[in-house]
Structure formats: C-alpha cells, structure tokens
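Novice: The following block contains the structure, expressed as structure tokens.
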Amino acid sequence: MLRIKITGCCIGVVLAFSPCLAVHAQNSLQGEWMVELSGDGPSIIGMLSLQESENGWLGHIEGGPVMVETESGAIEILVDSRDLAGFVFNRRLTGHYDDASMSGSFTIEGATEDPEPGGAWTAIRKAPTVPRQPPAPVDMGGMWTPAPGIDFRKYSMDLTESAKEWHAGYVMHYDQPNVRCVSAGIVAMVAWGAYPFEIVTSKDRLTYLYEVDSEVRRVFLNEKRPPDYYPPSPMGFSNGYWDGSNLVVDTQLLEGNVRDFRGEPVSEGARMHERYSLSEDGSTLSAVIKLIDPANYNVEPIRRRQWVRNPATEIYPYECDPDSFYRQMYEQGKMDMYFERADRREMN
Amino acid sequence: MASRLAIISTAVFLMLFQHSATGHHSFAVEFTAEETAIIEGVVAEVWFKNPHVRYYIDVTNGDGEIDRWDTRGSSPSLLVRRGWTKETISVGDTVIIKGHLGRDDKKLLSIIGIELADGTKLGAHY
C-alpha cells in the first residue's frame with residue numbers, strides 16, 4: 001500500500017543568481033563584512049563582500065553570488081543554500097545598515113529535509129588581517145566528530161565561463177566520484193564530510209586518518225617539499241605551519257575533482273587553504289577552508305566547519321562496493337550513456 | 001498494520017531517520033524534498049554496504065501485483081554506531097518505510113524512518 005503526501009511548498013526557482021542589482025549604490029557598504037545568523041541552533045557565519053558596480057551592488061557570501069538590494073538604509077540579501085541532503089533553499093535577509101553594522105531578520109524559502117525556522121542576523125565589518133604570529137602550537141591530536149551549524153552551505157558559486165560550460169553537463173548521480181566508490185578528494189571531504197577523523201601528532205608531521213573512503217593525509221610541518229614527479233592525487237600534498245595557535249595548511253598537487261555536492265570542478269592546479277583553531281577548552285576544532293582555483297572560480301569559495309573532540313569513537317572500516325551504482329544503471333538501461341560520458345571523469 | 005500506521009505522525013518519523021542522506025552525494029538530484037511516501041512490504045534483498053545501505057522491498061499495489069521498491073539509507077558506518085547492523089533487517093521481514101520519493105515516478109525512497117513488524121522504530125540523527 002502506498003500513500004503519497006505533498007508535504008511542503010515548492011522551492012523557489014532561484015538556484016543560481018547572477019551577481020546583481022541594487023536600487024541604490026552607496027559607497028558606505030563597500031567592503032567585506034562578517035554576517036552571523038542566529039536561529040534555532042548554532043549560529044551560522046559567513047563573509048559578505050560588496051562591491052559597487054554600474055548596475056548596483058555585486059554581492060558574494062562565502063564566494064558565491066547573492067542578490068543585494070538597498071534603499072534608504074534598508075537592505076535585502078537573498079542567499080541560496082543547501083541542506084545536508086542537498087536540497088536547495090533560500091535565506092532572505094532583510095534589515096537596515098549603517099557604516100559599521102547591519103541587522104535584521106531572515107526567513108527561509110523552499111522545502112528542505114530539515115527545515116530551519118529563520119531568526120535574526122547581524123553583520124559587522126571584517127576585521128583587518130593580523131600579521132603572522134610566532135608559532136604557539138596546541139594539541140589538535142585526537143578523534144574528531146562533525147558538529148552541526150556555522151556554515152552557510154552556500155549553493156551557487158561564481159564560476160568562470162569555462163567552468164560553467166563544463167558544469168552545465170554534469171549529472172550528479174552519475175558523475176559524482178563517490179557514488180562509484182572513487183574518492184571525491186580532500187576538498188570535498190573537508191567541506192562536507194559527515195564522518196569522524198583522527199589527527200595523529202608526531203614530530204614535524206600531523207597525520208589525518210579519515211573514516212570516509214579510508215583516506216590518509218599527511219600534513220608536513222617542516223617545509224618538506226613534494227618529491228620530483230609526485231603525482232596529483234585526490235588528497236594532494238599538504239604543508240602546514242603554526243600562526244600563533246592556529247594551524248594553517250596549504251594543499252597543492254590536487255587532481256581534477258569536484259568541490260561539493262553540486263559537482264563544481266576543482267582543477268589540477270588548484271590549492272586549498274585551511275586555517276584550524278582550537279577552542280580554549282580543547283573540545284572544539286574549527287576550520288575556515290578556502291579553495292584557490294582561478295581557472296574555475298572568479299571568487300574563491302569558502303567553507304566553515306567545526307568538529308567536537310570525541311575520544312569515545314573509533315575510525316570504522318569503510319569498504320565501498322560500486323555494485324549498486326552499476327546495477328541501477330544496468331536496470332535502467334543506462335550503461336551505454338554512462339560510458340559515453342567519459343569526459344565527466346577526466347577533469348584536468 | 002496499515003490503520004496503525006496511519007496514526008504515526010510525520011514528526012515521529014522525521015525524528016527517526018533525519019539526515020539519512022548526509023555525507024555522500026546529493027540526494028536532491030534523485031529525490032524530492034516536497035513529496036514523501038509510506039510503503040509497507042516484505043524485504044526482498046538487503047544491501048548493507050557503502051556508499052549507501054539499500055533495502056529492496058516488495059510492495060503489493062492496488063491491482064494486487066508486486067512492485068519492487070528501491071529504498072536507500074545512510075552509510076553502514078554511520079548506522080552501526082547506532083546499533084543498526086546488517087542483521088537488524090533481514091530478507092522476509094515485513095517493514096513500513098517512510099521516505100522522500102524518487103523523482104520521475106521511480107519506485108525509489110530515501111529512507112526517513114522504518115518500523116519493523118514488532119513495532120521497533122529505527123532511525124536517528126547523525
């Protein structure tokens with residue numbers, strides 16, 4: 001017996017905004033802001049950048065374009081985001097601004113697996129970058145479990161024309177590497193991973209043991225350079241250093257892959273920049289993750305993650321069998337289609 | 001069982017298996033957020049492996065014929081932390097499953113919650 005129920009409203013059509021428009025352009029807004037949403041749960045944080053143009057404000061949150069409108073001290077920002085299952089929805093921020101701050105309320109538009117109630121928002125000017133501090137290492141070793149919140153999970157990004165062209169033909173449930181048990185790579189793993197990982201500390205090296213895909217990552221703290229002819233790979237080659245008590249990790253030698261659920265490309269020449277910080281009590285690890293890939297992104301995508309220390313858990317085995325992926329295509333008569341899409345799996 | 005099922009609230013089911021899709025690819029491509037369905041049937045096949053757990057369920061339709069539904073859950077390593085193992089649901093078990101419907105009228109569900117024949121409810125936050 002089967003019953004079907006329409007449970008929600010239809011999602012807004014706004015999936016990919018062009019950076020757009022404003023009624024008034026006012027110089028006082030230009031620059032970088034830190035936006036914080038306070039709703040039912042942990043605060044959500046993101047960087048808003050505003051740039052004046054002939055057509056109004058060009059707005060980005062976490063590197064992805066947003067619609068911005070202003071009029072007589074009032075501002076409205078529409079941000080497309082996705083939930084943990086990939087369902088796309090919009091956050092509509094309305095409020096007022098002055099030279100130093102913004103504030104107002106936000107609502108949710110669209111159906112999601114785990115609905116958000118909306119709430120209040122504020123924004124302040126982004127603080128200037130602090131010069132690099134003398135190393136003051138802290139102990140980040142241990143088991144870490146993903147914590148909810150803090151990230152906007154911004155959906156659309158500001159793709160270059162060539163990236164748009166490549167992405168236009170992307171079909172997630174056939175092209176996403178991990179549906180066929182191929183690693184989606186460190187950029188995606190850090191940004192969306194729902195699985196725990198362990199950091200093992202040793203002299204001049206941190207070793208990350210990820211449960212998902214049973215991947216291993218070495219972060220060299222001694223300026224070690226990759227050997228000659230070291231091949232690009234899903235995990236790349238990572239160097240790290242301490243900026244005060246923050247761990248900064250730079251990853252290069254990534255192979256072509258995807259950035260997120262949406263399948264936006266990561267080029268072989270891309271780099272990933274991560275900044276990890278530990279809470280004072282040592283219980284929470286936070287990271288700001290930036291992808292530097294000018295071949296694909298006009299503005300660098302940013303993600304924010306948190307993990308909580310969880311010594312009670314273990315890294316479970318992660319064996320993956322692609323049989324179900326190929327079986328589905330076989331049953332649907334789509335095997336030929338899949339193999340004709342080889343270009344989707346060559347992303348260099 | 002169907003009449004008993006009718007009084008089970010959506011809210012309860014949502015608490016059971018939310019975020020079933022977390023962690024891998026986008027379920028939004030294959031499933032809808034707006035439409036959910038409840039099926040009752042007999043487990044025909046169990047696939048308890050990464051990247052996602054699957055249960056194939058034989059459901060008797062309105063014409064008395066058997067439809068085979070493909071229902072998908074989270075990954076095994078996330079489920080086993082909640083005590084949900086390969087042995088929890090076996091071939092031949094009768095189950096009631098609520099989930100997000102697949103697109104294009106496919107007999108496909110992204111599992112929100114499962115109720116076993118003895119009334120046990122499965123699912124959890126991740």
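Ordering of the structure tokens sets the chain letters (A, B, ...); residue numbers start at 1 within each chain; ligands are numbered from 1 in the order shown.
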Can you tell me, as a list in words, what residues are no more than 7 Å from Arg218 (chain A) when counting only C-alpha atoms, ignoring any on the same chain fewer than 6 positions away?
Specialist: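 The residues satisfying every condition are Arg205, Leu206, Thr207, Tyr208 and Ser238 of chain A.
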Novice: Extract, using only C-alpha atoms, all DNA, RNA and protein residues at most 10 Å from Asp204 (chain A), discarding same-chain residues fewer than 6 positions from it, and format them as a VMD selection string.
Specialist: chain A and resid 219 to 224 240 to 241
Novice: Mind checking which residues fall within 7 Å of Arg72 (chain B), counting only C-alpha atoms, ignoring those fewer than 6 positions away in the same chain, and posting them as a PDB file with C-alpha atoms, in the first residue's frame?
Specialist:
ATOM      1  CA  HIS B  52      24.674   3.583   0.935  1.00  0.00           C
ATOM      2  CA  VAL B  53      22.547   0.910   2.573  1.00  0.00           C
ATOM      3  CA  ARG B  54      19.732  -0.338   0.379  1.00  0.00           C
ATOM      4  CA  TYR B  55      16.684  -2.442   1.094  1.00  0.00           C
ATOM      5  CA  LEU B 109      12.622   6.113  -1.499  1.00  0.00           C
ATOM      6  CA  SER B 110      15.258   7.927   0.560  1.00  0.00           C
ATOM      7  CA  ILE B 111      14.552   6.474   3.982  1.00  0.00           C
TER       8      ILE B 111
END
Novice: Give me the residues near Met329 (chain A) as an MDAnalysis selection string, where near means some atom within 9 Å (using only C-alpha atoms) and where sequence neighbours in that chain fewer than 5 positions away do not count.
Specialist: chainID A and resid 174 324 334:335 337:338
Novice: Using the selection just defined, write its residues with N, CA and C atoms as an mmCIF file, in the first residue's frame.
Specialist:
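Okay, selection-v6.cif is ready:
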data_model
loop_
_atom_site.group_PDB
_atom_site.id
_atom_site.type_symbol
_atom_site.label_atom_id
_atom_site.label_comp_id
_atom_site.auth_asym_id
_atom_site.auth_seq_id
_atom_site.Cartn_x
_atom_site.Cartn_y
_atom_site.Cartn_z
ATOM 1 N N TYR A 174 25.348 10.340 -11.631
ATOM 2 C CA TYR A 174 26.184 9.506 -12.495
ATOM 3 C C TYR A 174 27.649 9.964 -12.457
ATOM 4 N N SER A 324 26.090 -1.517 -6.520
ATOM 5 C CA SER A 324 24.738 -0.957 -6.559
ATOM 6 C C SER A 324 24.630 0.190 -7.557
ATOM 7 N N LYS A 334 21.049 2.272 -18.810
ATOM 8 C CA LYS A 334 21.837 3.493 -18.992
ATOM 9 C C LYS A 334 23.343 3.254 -18.990
ATOM 10 N N MET A 335 23.748 2.003 -19.137
ATOM 11 C CA MET A 335 25.190 1.728 -19.107
ATOM 12 C C MET A 335 25.916 2.402 -20.266
ATOM 13 N N MET A 337 25.059 5.068 -21.867
ATOM 14 C CA MET A 337 25.107 6.505 -21.578
ATOM 15 C C MET A 337 26.258 6.819 -20.637
ATOM 16 N N TYR A 338 26.412 5.998 -19.622
ATOM 17 C CA TYR A 338 27.457 6.255 -18.626
ATOM 18 C C TYR A 338 28.847 6.215 -19.272
#
Novice: Provide the CA of Val88 (chain A) to CA of Ile57 (chain B) distance in Å, to one decimal place.
Specialist: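 Answer for the CA of Val88 (chain A) to CA of Ile57 (chain B) separation: 28.8 Å.
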Novice: Kindly give the distance, in Å, that separates CA of Asp63 (chain B) and CA of Thr32 (chain B), rounded to a single decimal.
Specialist: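 Computed distance, CA of Asp63 (chain B) to CA of Thr32 (chain B), equals 25.9 Å.
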Novice: I need the residues of region 258-330 of chain A that end up classed as strand (DSSP E) by DSSP on the backbone, written out as a list of chain:residue names.
Specialist: A:Val258, A:Pro265, A:Val266, A:Arg271, A:Met272, A:His273, A:Glu274, A:Arg275, A:Tyr276, A:Ser277, A:Leu278, A:Thr284, A:Leu285, A:Ser286, A:Ala287, A:Val288, A:Ile289, A:Lys290, A:Leu291, A:Ile292, A:Ile302, A:Arg303, A:Arg304, A:Arg305, A:Gln306, A:Trp307, A:Val308, A:Arg309
Novice: Quick one: DSSP helix (DSSP H, G or I) residues in region 249-335 of chain A, as a ChimeraX atom specification?
Specialist: /A:323-331,335
Novice: Could you write those residues out with C-alpha atoms, as a PDB file, in the first residue's frame?
Specialist:
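What follows is the written file selection_7.pdb:
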ATOM      1  CA  ASP A 323      27.925  -2.790  -7.486  1.00  0.00           C
ATOM      2  CA  SER A 324      24.738  -0.957  -6.559  1.00  0.00           C
ATOM      3  CA  PHE A 325      25.723   2.021  -8.702  1.00  0.00           C
ATOM      4  CA  TYR A 326      26.318  -0.047 -11.821  1.00  0.00           C
ATOM      5  CA  ARG A 327      23.325  -2.273 -11.101  1.00  0.00           C
ATOM      6  CA  GLN A 328      20.998   0.716 -11.066  1.00  0.00           C
ATOM      7  CA  MET A 329      22.260   1.902 -14.428  1.00  0.00           C
ATOM      8  CA  TYR A 330      22.043  -1.599 -15.846  1.00  0.00           C
ATOM      9  CA  GLU A 331      18.444  -1.958 -14.724  1.00  0.00           C
ATOM     10  CA  MET A 335      25.190   1.728 -19.107  1.00  0.00           C
TER      11      MET A 335
END
Novice: Quick one: of A:Val35, A:Leu29, A:Ala270, A:Ala147, who's nearest to Ala100 (chain A), counting only C-alpha atoms?
Specialist: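 Selected residue with least distance to Ala100 (chain A): A:Leu29.
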Novice: For a test of reading the model, state the distance in Å between CA of Val249 (chain A) and CA of Trp192 (chain A), rounded to one decimal.
Specialist: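 Computed distance, CA of Val249 (chain A) to CA of Trp192 (chain A), equals 17.7 Å.
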Novice: Report as a PDB file with N, CA and C atoms, in the first residue's frame all protein, DNA and RNA residues lying within 9 Å of Ile124 (chain A), evaluated on only C-alpha atoms, omitting residues in the same chain fewer than 5 positions from it.
Specialist:
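Now in part_23.pdb:
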ATOM      1  N   GLU A  32      34.223  44.157   2.958  1.00  0.00           N
ATOM      2  CA  GLU A  32      33.969  42.809   3.467  1.00  0.00           C
ATOM      3  C   GLU A  32      33.334  42.880   4.854  1.00  0.00           C
ATOM      4  N   TRP A  33      32.315  42.063   5.055  1.00  0.00           N
ATOM      5  CA  TRP A  33      31.558  42.021   6.297  1.00  0.00           C
ATOM      6  C   TRP A  33      31.491  40.586   6.794  1.00  0.00           C
ATOM      7  N   MET A  34      31.373  40.435   8.089  1.00  0.00           N
ATOM      8  CA  MET A  34      31.110  39.110   8.653  1.00  0.00           C
ATOM      9  C   MET A  34      29.650  39.074   9.086  1.00  0.00           C
ATOM     10  N   VAL A  35      28.917  38.133   8.504  1.00  0.00           N
ATOM     11  CA  VAL A  35      27.480  38.002   8.761  1.00  0.00           C
ATOM     12  C   VAL A  35      27.264  36.837   9.718  1.00  0.00           C
ATOM     13  N   GLU A  36      26.366  37.038  10.679  1.00  0.00           N
ATOM     14  CA  GLU A  36      26.028  35.963  11.616  1.00  0.00           C
ATOM     15  C   GLU A  36      24.515  35.820  11.688  1.00  0.00           C
ATOM     16  N   ALA A 100      28.868  50.943   9.884  1.00  0.00           N
ATOM     17  CA  ALA A 100      29.610  49.964  10.680  1.00  0.00           C
ATOM     18  C   ALA A 100      28.876  48.666  10.925  1.00  0.00           C
ATOM     19  N   SER A 101      27.587  48.614  10.675  1.00  0.00           N
ATOM     20  CA  SER A 101      26.854  47.387  11.024  1.00  0.00           C
ATOM     21  C   SER A 101      25.584  47.239  10.201  1.00  0.00           C
ATOM     22  N   MET A 102      25.080  46.025  10.210  1.00  0.00           N
ATOM     23  CA  MET A 102      23.783  45.703   9.618  1.00  0.00           C
ATOM     24  C   MET A 102      23.067  44.797  10.607  1.00  0.00           C
ATOM     25  N   SER A 103      21.739  44.789  10.548  1.00  0.00           N
ATOM     26  CA  SER A 103      20.981  43.859  11.382  1.00  0.00           C
ATOM     27  C   SER A 103      19.569  43.739  10.847  1.00  0.00           C
TER      28      SER A 103
END
Novice: Tell me which of A:Tyr155, A:Phe87, A:Tyr230, A:Tyr276 sits closest to chain B, counting only C-alpha atoms.
Specialist: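 Of the candidates, the smallest distance to chain B is held by A:Phe87.
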Novice: Tell me which protein, DNA and RNA residues are within 9 Å of Glu215 (chain A), counting only C-alpha atoms, leaving out same-chain ones fewer than 4 positions away, and put them as a list in words.
Specialist: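 Residues meeting the cut-off are Ser183, Gly185, Ile186, Tyr208, Leu209, Tyr210, Glu211 and Met235 of chain A.
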Novice: Smallest atom-to-atom distance to chain A: which of B:Gly64, B:Asn50, B:Gly83, B:Val42, using only C-alpha atoms?
Specialist: B:Asn50
